[in-house]
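A.B. asks: Sharing query-v3.pdb, PDB, C-alpha atoms:
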```pdb
ATOM      1  CA  MET A   1     -17.270  18.031  -8.787
ATOM      2  CA  ASP A   2     -14.434  15.861 -10.084
ATOM      3  CA  ARG A   3     -12.570  12.804  -8.801
ATOM      4  CA  LYS A   4      -9.672  14.943  -7.493
ATOM      5  CA  LEU A   5     -12.037  16.964  -5.285
ATOM      6  CA  ILE A   6     -13.819  13.783  -4.193
ATOM      7  CA  ALA A   7     -10.482  12.206  -3.206
ATOM      8  CA  ALA A   8      -9.400  15.323  -1.287
ATOM      9  CA  LYS A   9     -12.653  15.540   0.690
ATOM     10  CA  ALA A  10     -12.635  11.781   1.300
ATOM     11  CA  MET A  11      -9.080  12.035   2.647
ATOM     12  CA  GLU A  12     -10.181  14.764   5.084
ATOM     13  CA  LEU A  13     -13.073  12.619   6.237
ATOM     14  CA  LEU A  14     -10.868   9.521   6.537
ATOM     15  CA  GLN A  15      -8.458  11.412   8.761
ATOM     16  CA  GLU A  16     -11.357  12.407  11.003
ATOM     17  CA  VAL A  17     -13.347   9.161  11.242
ATOM     18  CA  GLY A  18     -11.200   6.376   9.768
ATOM     19  CA  ALA A  19     -11.896   3.944   6.938
ATOM     20  CA  GLU A  20     -14.362   1.803   8.874
ATOM     21  CA  LYS A  21     -16.680   4.736   9.620
ATOM     22  CA  LEU A  22     -16.387   6.449   6.249
ATOM     23  CA  THR A  23     -19.694   6.387   4.382
ATOM     24  CA  MET A  24     -20.679   7.590   0.956
ATOM     25  CA  ARG A  25     -23.532   9.551   2.563
ATOM     26  CA  ALA A  26     -21.156  11.398   4.914
ATOM     27  CA  LEU A  27     -18.840  12.233   2.031
ATOM     28  CA  ALA A  28     -21.753  13.442  -0.079
ATOM     29  CA  GLY A  29     -22.710  15.730   2.801
ATOM     30  CA  ARG A  30     -19.146  17.054   2.967
ATOM     31  CA  LEU A  31     -19.327  17.785  -0.768
ATOM     32  CA  ASN A  32     -22.812  19.338  -0.481
ATOM     33  CA  VAL A  33     -24.244  16.913  -3.027
ATOM     34  CA  SER A  34     -26.663  14.031  -2.872
ATOM     35  CA  ALA A  35     -25.359  10.503  -2.373
ATOM     36  CA  MET A  36     -26.700   9.666  -5.846
ATOM     37  CA  ALA A  37     -24.607  12.474  -7.361
ATOM     38  CA  LEU A  38     -21.543  11.024  -5.669
ATOM     39  CA  TYR A  39     -22.321   7.540  -7.028
ATOM     40  CA  HIS A  40     -22.286   9.089 -10.506
ATOM     41  CA  HIS A  41     -18.528   9.678 -10.035
ATOM     42  CA  VAL A  42     -17.522   6.819  -7.712
ATOM     43  CA  GLU A  43     -18.898   3.280  -7.905
ATOM     44  CA  ASP A  44     -18.743   2.393  -4.197
ATOM     45  CA  LYS A  45     -16.764   2.784  -0.985
ATOM     46  CA  ASP A  46     -14.026   0.422  -2.192
ATOM     47  CA  GLU A  47     -13.472   2.527  -5.296
ATOM     48  CA  LEU A  48     -13.465   5.637  -3.122
ATOM     49  CA  LEU A  49     -10.738   4.148  -0.925
ATOM     50  CA  ARG A  50      -8.758   3.116  -4.023
ATOM     51  CA  LEU A  51      -9.118   6.677  -5.319
ATOM     52  CA  VAL A  52      -7.756   8.139  -2.082
ATOM     53  CA  GLY A  53      -4.968   5.559  -1.916
ATOM     54  CA  ASP A  54      -4.023   6.199  -5.520
ATOM     55  CA  ASP A  55      -3.900   9.918  -4.787
ATOM     56  CA  ILE A  56      -1.545   9.243  -1.852
ATOM     57  CA  LEU A  57       0.650   6.995  -4.010
ATOM     58  CA  GLY A  58       0.767   9.743  -6.619
ATOM     59  CA  ASN A  59       2.684  11.885  -4.130
ATOM     60  CA  ILE A  60       5.622   9.465  -4.156
ATOM     61  CA  LYS A  61       8.434  10.910  -6.236
ATOM     62  CA  LEU A  62      10.360   8.003  -7.715
ATOM     63  CA  PRO A  63      13.718   8.639  -9.347
ATOM     64  CA  ASP A  64      14.445   7.765 -12.957
ATOM     65  CA  PRO A  65      14.196   3.945 -13.170
ATOM     66  CA  GLU A  66      17.748   3.727 -14.549
ATOM     67  CA  SER A  67      19.399   6.237 -12.179
ATOM     68  CA  ALA A  68      20.783   3.863  -9.537
ATOM     69  CA  PRO A  69      21.227   0.136  -8.881
ATOM     70  CA  TRP A  70      17.985  -1.794  -9.324
ATOM     71  CA  ARG A  71      17.859  -3.044  -5.756
ATOM     72  CA  GLU A  72      18.265   0.431  -4.281
ATOM     73  CA  LEU A  73      15.485   1.858  -6.473
ATOM     74  CA  PHE A  74      13.218  -1.106  -5.854
ATOM     75  CA  THR A  75      13.647  -0.913  -2.078
ATOM     76  CA  LEU A  76      12.931   2.814  -2.191
ATOM     77  CA  ALA A  77       9.727   2.200  -4.172
ATOM     78  CA  VAL A  78       8.521  -0.506  -1.783
ATOM     79  CA  GLN A  79       9.313   1.385   1.413
ATOM     80  CA  SER A  80       7.798   4.606   0.045
ATOM     81  CA  SER A  81       4.628   2.756  -0.956
ATOM     82  CA  VAL A  82       4.240   1.075   2.429
ATOM     83  CA  ASP A  83       4.855   4.342   4.283
ATOM     84  CA  ALA A  84       2.374   6.185   2.046
ATOM     85  CA  LEU A  85      -0.334   3.576   2.508
ATOM     86  CA  LEU A  86       0.188   3.434   6.259
ATOM     87  CA  SER A  87      -0.137   7.227   6.492
ATOM     88  CA  LEU A  88      -3.898   6.740   6.300
ATOM     89  CA  PRO A  89      -4.849   3.342   7.775
ATOM     90  CA  GLY A  90      -7.479   1.319   5.986
ATOM     91  CA  LEU A  91      -6.257   1.818   2.438
ATOM     92  CA  GLY A  92      -3.782  -1.004   1.938
ATOM     93  CA  ALA A  93      -6.039  -3.999   1.535
ATOM     94  CA  VAL A  94      -8.480  -2.146  -0.713
ATOM     95  CA  LEU A  95      -5.882  -0.413  -2.855
ATOM     96  CA  LEU A  96      -3.791  -3.467  -3.628
ATOM     97  CA  THR A  97      -6.380  -5.224  -5.753
ATOM     98  CA  SER A  98      -6.730  -6.137  -9.399
ATOM     99  CA  LYS A  99      -8.463  -2.779 -10.008
ATOM    100  CA  LEU A 100      -5.350  -0.612  -9.887
ATOM    101  CA  LEU A 101      -5.706   3.076 -10.614
ATOM    102  CA  PRO A 102      -2.978   4.963 -12.540
ATOM    103  CA  ASN A 103      -0.520   5.762  -9.725
ATOM    104  CA  ALA A 104      -0.686   2.261  -8.245
ATOM    105  CA  ARG A 105      -0.244   0.810 -11.726
ATOM    106  CA  ASP A 106       2.796   3.044 -12.324
ATOM    107  CA  LEU A 107       4.385   1.728  -9.113
ATOM    108  CA  VAL A 108       3.821  -1.876 -10.199
ATOM    109  CA  VAL A 109       5.345  -1.204 -13.636
ATOM    110  CA  TYR A 110       8.301   0.630 -12.037
ATOM    111  CA  SER A 111       8.885  -2.248  -9.628
ATOM    112  CA  VAL A 112       8.677  -4.949 -12.306
ATOM    113  CA  ARG A 113      11.145  -2.910 -14.392
ATOM    114  CA  GLN A 114      13.659  -3.002 -11.539
ATOM    115  CA  PHE A 115      13.564  -6.811 -11.508
ATOM    116  CA  GLU A 116      14.083  -6.795 -15.270
ATOM    117  CA  ARG A 117      17.147  -4.613 -14.678
ATOM    118  CA  ALA A 118      18.375  -7.382 -12.352
ATOM    119  CA  GLY A 119      18.397  -9.701 -15.369
ATOM    120  CA  LEU A 120      14.999 -11.384 -15.066
ATOM    121  CA  THR A 121      12.678 -11.910 -18.001
ATOM    122  CA  HIS A 122       9.399 -10.011 -17.865
ATOM    123  CA  ALA A 123       7.549 -13.119 -16.665
ATOM    124  CA  GLU A 124      10.193 -13.816 -13.981
ATOM    125  CA  ALA A 125      10.098 -10.151 -12.923
ATOM    126  CA  GLN A 126       6.329 -10.344 -12.504
ATOM    127  CA  THR A 127       6.679 -13.490 -10.397
ATOM    128  CA  ALA A 128       9.378 -11.863  -8.262
ATOM    129  CA  TYR A 129       7.260  -8.775  -7.723
ATOM    130  CA  ALA A 130       4.242 -10.936  -6.875
ATOM    131  CA  GLY A 131       6.250 -12.308  -3.929
ATOM    132  CA  VAL A 132       7.087  -8.804  -2.766
ATOM    133  CA  HIS A 133       3.475  -7.735  -3.289
ATOM    134  CA  GLN A 134       2.371 -10.521  -0.934
ATOM    135  CA  LEU A 135       4.977  -9.443   1.613
ATOM    136  CA  VAL A 136       3.735  -5.842   1.402
ATOM    137  CA  LEU A 137       0.105  -6.937   1.770
ATOM    138  CA  GLY A 138       1.096  -8.845   4.902
ATOM    139  CA  ARG A 139       2.898  -5.802   6.293
ATOM    140  CA  LEU A 140      -0.111  -3.574   5.677
ATOM    141  CA  PHE A 141      -2.483  -6.137   7.176
ATOM    142  CA  VAL A 142      -0.384  -6.520  10.329
ATOM    143  CA  GLU A 143      -0.066  -2.763  10.785
ATOM    144  CA  GLU A 144      -3.761  -2.073  10.221
ATOM    145  CA  SER A 145      -5.271  -5.015  12.099
ATOM    146  CA  LYS A 146      -6.317  -4.722  15.717
ATOM    147  CA  ASN A 147      -5.533  -8.441  16.020
ATOM    148  CA  PHE A 148      -1.794  -7.741  15.917
ATOM    149  CA  ILE A 149      -1.385  -5.419  18.881
ATOM    150  CA  PRO A 150       1.020  -6.740  21.539
ATOM    151  CA  ARG A 151      -0.722  -7.447  24.847
ATOM    152  CA  THR A 152       0.663  -8.700  28.084
ATOM    153  CA  GLY A 153      -1.508 -10.955  30.091
ATOM    154  CA  PRO A 154      -1.781 -14.296  31.823
ATOM    155  CA  ALA A 155       1.181 -16.670  31.841
ATOM    156  CA  GLY A 156       1.977 -17.924  28.362
ATOM    157  CA  ASP A 157       0.729 -14.813  26.571
ATOM    158  CA  ASN A 158       4.011 -12.949  27.000
ATOM    159  CA  GLU A 159       5.733 -15.127  24.388
ATOM    160  CA  ILE A 160       3.013 -14.354  21.842
ATOM    161  CA  SER A 161       3.096 -10.705  22.821
ATOM    162  CA  ARG A 162       6.857 -10.564  22.114
ATOM    163  CA  TYR A 163       6.276 -12.298  18.781
ATOM    164  CA  ILE A 164       3.534  -9.797  17.846
ATOM    165  CA  ALA A 165       5.904  -6.940  18.706
ATOM    166  CA  THR A 166       8.522  -8.489  16.407
ATOM    167  CA  LEU A 167       5.921  -8.999  13.687
ATOM    168  CA  ARG A 168       5.001  -5.310  13.851
ATOM    169  CA  ASP A 169       8.633  -4.160  13.939
ATOM    170  CA  ARG A 170       9.625  -2.487  10.670
ATOM    171  CA  GLN A 171      13.005  -4.193  10.856
ATOM    172  CA  SER A 172      11.423  -7.644  10.493
ATOM    173  CA  PHE A 173       9.780  -6.466   7.252
ATOM    174  CA  GLU A 174      13.060  -5.000   5.983
ATOM    175  CA  ILE A 175      14.906  -8.258   6.751
ATOM    176  CA  ALA A 176      12.259 -10.315   4.935
ATOM    177  CA  LEU A 177      12.348  -7.959   1.939
ATOM    178  CA  SER A 178      16.135  -8.099   1.830
ATOM    179  CA  ALA A 179      16.097 -11.904   1.977
ATOM    180  CA  LEU A 180      13.622 -12.049  -0.892
ATOM    181  CA  LEU A 181      15.721  -9.619  -2.961
ATOM    182  CA  ASP A 182      18.870 -11.670  -2.234
ATOM    183  CA  ARG A 183      17.263 -14.401  -4.332
ATOM    184  CA  TYR A 184      17.425 -12.121  -7.372
ATOM    185  CA  SER A 185      20.735 -10.322  -6.792
ATOM    186  CA  SER A 186      23.523 -11.252  -9.163
ATOM    187  CA  ASP A 187      26.078 -10.698  -6.389
ATOM    188  CA  ALA A 188      24.300 -13.019  -3.932
TER     189      ALA A 188
END
```
Write out the structure in this file as structure tokens.

C.D. replies:
Amino acid sequence: MDRKLIAAKAMELLQEVGAEKLTMRALAGRLNVSAMALYHHVEDKDELLRLVGDDILGNIKLPDPESAPWRELFTLAVQSSVDALLSLPGLGAVLLTSKLLPNARDLVVYSVRQFERAGLTHAEAQTAYAGVHQLVLGRLFVEESKNFIPRTGPAGDNEISRYIATLRDRQSFEIALSALLDRYSSDA
């Protein structure tokens, strides 16, 4: 049993029951091992979710970091990451933590490099990416939360329902990302 097999079986289980109902015991059963054997390879459920998320992020094929304009490559990296994380709800908030696994780390380094290509110092590039990171976390939270589902109801709720629909609309995220990137574009 290795971490790749654990991630693959966890992904199967996540697709069946979702992140909230995933348990280490159920995964151990799927792997035909004891829960204690599983804990030998994976610290806890959060690490398991990070492992699965990192595996999903590893499927993103990013182009050479110098092959196109920085903004185009950066936008591709962000949109690909969001789409990948949303492909299996429940991973975003756990994956985007200070305990980044290799594929998530590679995406952060790639993204920071694009801001450096825009002319920012390394420290400025990290600050710029931190803003985008927060925007992405918000996008993932809105998409994954049951609190942000548009509902029609009694008078007065329709305005909030329309706002929630706008909040969930991918275009609102793309506009916010573009506005943030405008801050760092030399042609803006």

A.B. asks: Applied to this file, what does the PyMOL selection byres ((chain A and resi 40-57) around 6) return in terms of residues, put as a PyMOL selection string?

C.D. replies: chain A and resi 7+37-39+58-60+91+95+103-104

A.B. asks: From the options A:Leu31, A:Gly18, A:Pro65, A:Arg71, which residue's atoms come nearest to Asp2 (chain A), counting all atoms listed in the file?

C.D. replies: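 The closest residue to Asp2 (chain A) is A:Leu31.
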
A.B. asks: So that I can check the surroundings of Leu107 (chain A), please list as a PyMOL selection string every protein, DNA and RNA residue that reaches within 9 Å of it, counting only C-alpha atoms and ignoring chain neighbours fewer than 2 positions away.

C.D. replies: chain A and resi 57+62+77-78+81+102-105+109-112

A.B. asks: Going by the chain IDs and residue numbers used in this file, which residues fall under the PyMOL selection byres ((chain A and resi 184) around 10)? Write them as a list in words.

C.D. replies: Arg71, Phe115, Ala118, Gly119, Leu120, Glu124, Ala125, Ala128, Ala179, Leu180, Leu181, Asp182, Arg183, Ser185, Ser186, Asp187 and Ala188 of chain A

A.B. asks: If the PyMOL selection byres ((chain A and resi 131-137) around 9) is run on the structure shown, which residues does it catch, given as a PyMOL selection string?

C.D. replies: chain A and resi 78+81-82+92-93+96+126-130+138-142+173+176-177+180-181

A.B. asks: Find the residue from A:Gln15, A:Thr121, A:Asn32, A:Ser178 that sits nearest to Gly90 (chain A); use only C-alpha atoms when measuring.

C.D. replies: A:Gln15

A.B. asks: Separation of CA of Ala123 (chain A) and CA of Ala68 (chain A), in Å?

C.D. replies: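 Value for the CA of Ala123 (chain A)-CA of Ala68 (chain A) distance: 22.7 Å.
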
A.B. asks: At a cut-off of 12 Å, using all atoms listed in the file, what residues contact Val17 (chain A)? Leave out same-chain residues fewer than 6 positions from it and give the result as a PyMOL selection string.

C.D. replies: chain A and resi 10-11+23+26-27+88-90

A.B. asks: Let's have the selection written as an mmCIF file, in the coordinates of the input, with C-alpha atoms.

C.D. replies:
```cif
data_model
loop_
_atom_site.group_PDB
_atom_site.id
_atom_site.type_symbol
_atom_site.label_atom_id
_atom_site.label_comp_id
_atom_site.auth_asym_id
_atom_site.auth_seq_id
_atom_site.Cartn_x
_atom_site.Cartn_y
_atom_site.Cartn_z
ATOM 1 C CA ALA A 10 -12.635 11.781 1.300
ATOM 2 C CA MET A 11 -9.080 12.035 2.647
ATOM 3 C CA THR A 23 -19.694 6.387 4.382
ATOM 4 C CA ALA A 26 -21.156 11.398 4.914
ATOM 5 C CA LEU A 27 -18.840 12.233 2.031
ATOM 6 C CA LEU A 88 -3.898 6.740 6.300
ATOM 7 C CA PRO A 89 -4.849 3.342 7.775
ATOM 8 C CA GLY A 90 -7.479 1.319 5.986
#
```

A.B. asks: Would you mind reading off the distance between CA of Ala28 (chain A) and CA of Lys9 (chain A), one decimal, in Å?

C.D. replies: 9.4 Å

A.B. asks: Around all of region 116-134 of chain A's listed atoms, make the axis-aligned box with 5 Å on each side and tell me centre and edge lengths in Å to one decimal, as lines of an AutoDock Vina configuration file.

C.D. replies:
```
center_x = 10.4
center_y = -9.2
center_z = -9.5
size_x = 26.0
size_y = 19.2
size_z = 27.1
```

A.B. asks: Provide the CA of Arg162 (chain A) to CA of Ile149 (chain A) distance in Å, to one decimal place.

C.D. replies: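 Between CA of Arg162 (chain A) and CA of Ile149 (chain A) the gap works out to 10.2 Å.
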
A.B. asks: Can I get region 34-53 of chain A with N, CA, C and O atoms filled in, as a compact mmCIF listing (two decimals), in the frame of the given file?

C.D. replies:
```
# COMPACT_ATOMS: atom_id res chain seq x y z
N SER A 34 -25.92 15.22 -3.29
CA SER A 34 -26.66 14.03 -2.87
C SER A 34 -25.77 12.80 -3.00
O SER A 34 -24.81 12.81 -3.77
N ALA A 35 -26.11 11.76 -2.27
CA ALA A 35 -25.36 10.50 -2.37
C ALA A 35 -25.42 9.98 -3.80
O ALA A 35 -24.43 9.46 -4.32
N MET A 36 -26.56 10.14 -4.46
CA MET A 36 -26.70 9.67 -5.85
C MET A 36 -25.75 10.42 -6.77
O MET A 36 -25.19 9.82 -7.70
N ALA A 37 -25.55 11.70 -6.54
CA ALA A 37 -24.61 12.47 -7.36
C ALA A 37 -23.19 11.94 -7.18
O ALA A 37 -22.42 11.86 -8.14
N LEU A 38 -22.87 11.58 -5.95
CA LEU A 38 -21.54 11.02 -5.67
C LEU A 38 -21.36 9.68 -6.38
O LEU A 38 -20.31 9.42 -6.96
N TYR A 39 -22.40 8.84 -6.35
CA TYR A 39 -22.32 7.54 -7.03
C TYR A 39 -22.17 7.69 -8.54
O TYR A 39 -21.74 6.76 -9.21
N HIS A 40 -22.50 8.83 -9.07
CA HIS A 40 -22.29 9.09 -10.51
C HIS A 40 -20.79 9.14 -10.83
O HIS A 40 -20.38 8.81 -11.93
N HIS A 41 -19.97 9.53 -9.84
CA HIS A 41 -18.53 9.68 -10.04
C HIS A 41 -17.71 8.52 -9.46
O HIS A 41 -16.61 8.25 -9.92
N VAL A 42 -18.24 7.88 -8.41
CA VAL A 42 -17.52 6.82 -7.71
C VAL A 42 -18.48 5.65 -7.50
O VAL A 42 -19.56 5.82 -6.94
N GLU A 43 -18.04 4.47 -7.93
CA GLU A 43 -18.90 3.28 -7.90
C GLU A 43 -19.37 2.88 -6.51
O GLU A 43 -20.53 2.59 -6.28
N ASP A 44 -18.42 2.84 -5.55
CA ASP A 44 -18.74 2.39 -4.20
C ASP A 44 -17.63 2.80 -3.24
O ASP A 44 -16.66 3.47 -3.65
N LYS A 45 -17.75 2.41 -1.99
CA LYS A 45 -16.76 2.78 -0.98
C LYS A 45 -15.38 2.21 -1.32
O LYS A 45 -14.37 2.89 -1.12
N ASP A 46 -15.32 1.00 -1.83
CA ASP A 46 -14.03 0.42 -2.19
C ASP A 46 -13.33 1.26 -3.26
O ASP A 46 -12.13 1.52 -3.18
N GLU A 47 -14.08 1.68 -4.26
CA GLU A 47 -13.47 2.53 -5.30
C GLU A 47 -13.04 3.87 -4.70
O GLU A 47 -12.00 4.41 -5.07
N LEU A 48 -13.82 4.39 -3.79
CA LEU A 48 -13.46 5.64 -3.12
C LEU A 48 -12.14 5.49 -2.37
O LEU A 48 -11.25 6.33 -2.49
N LEU A 49 -11.99 4.39 -1.65
CA LEU A 49 -10.74 4.15 -0.92
C LEU A 49 -9.57 3.96 -1.89
O LEU A 49 -8.46 4.44 -1.64
N ARG A 50 -9.81 3.26 -3.01
CA ARG A 50 -8.76 3.12 -4.02
C ARG A 50 -8.37 4.48 -4.59
O ARG A 50 -7.20 4.76 -4.82
N LEU A 51 -9.36 5.34 -4.80
CA LEU A 51 -9.12 6.68 -5.32
C LEU A 51 -8.24 7.48 -4.37
O LEU A 51 -7.26 8.12 -4.78
N VAL A 52 -8.56 7.44 -3.08
CA VAL A 52 -7.76 8.14 -2.08
C VAL A 52 -6.35 7.54 -2.01
O VAL A 52 -5.35 8.26 -2.01
N GLY A 53 -6.28 6.22 -1.96
CA GLY A 53 -4.97 5.56 -1.92
C GLY A 53 -4.13 5.87 -3.13
O GLY A 53 -2.93 6.13 -3.03
```
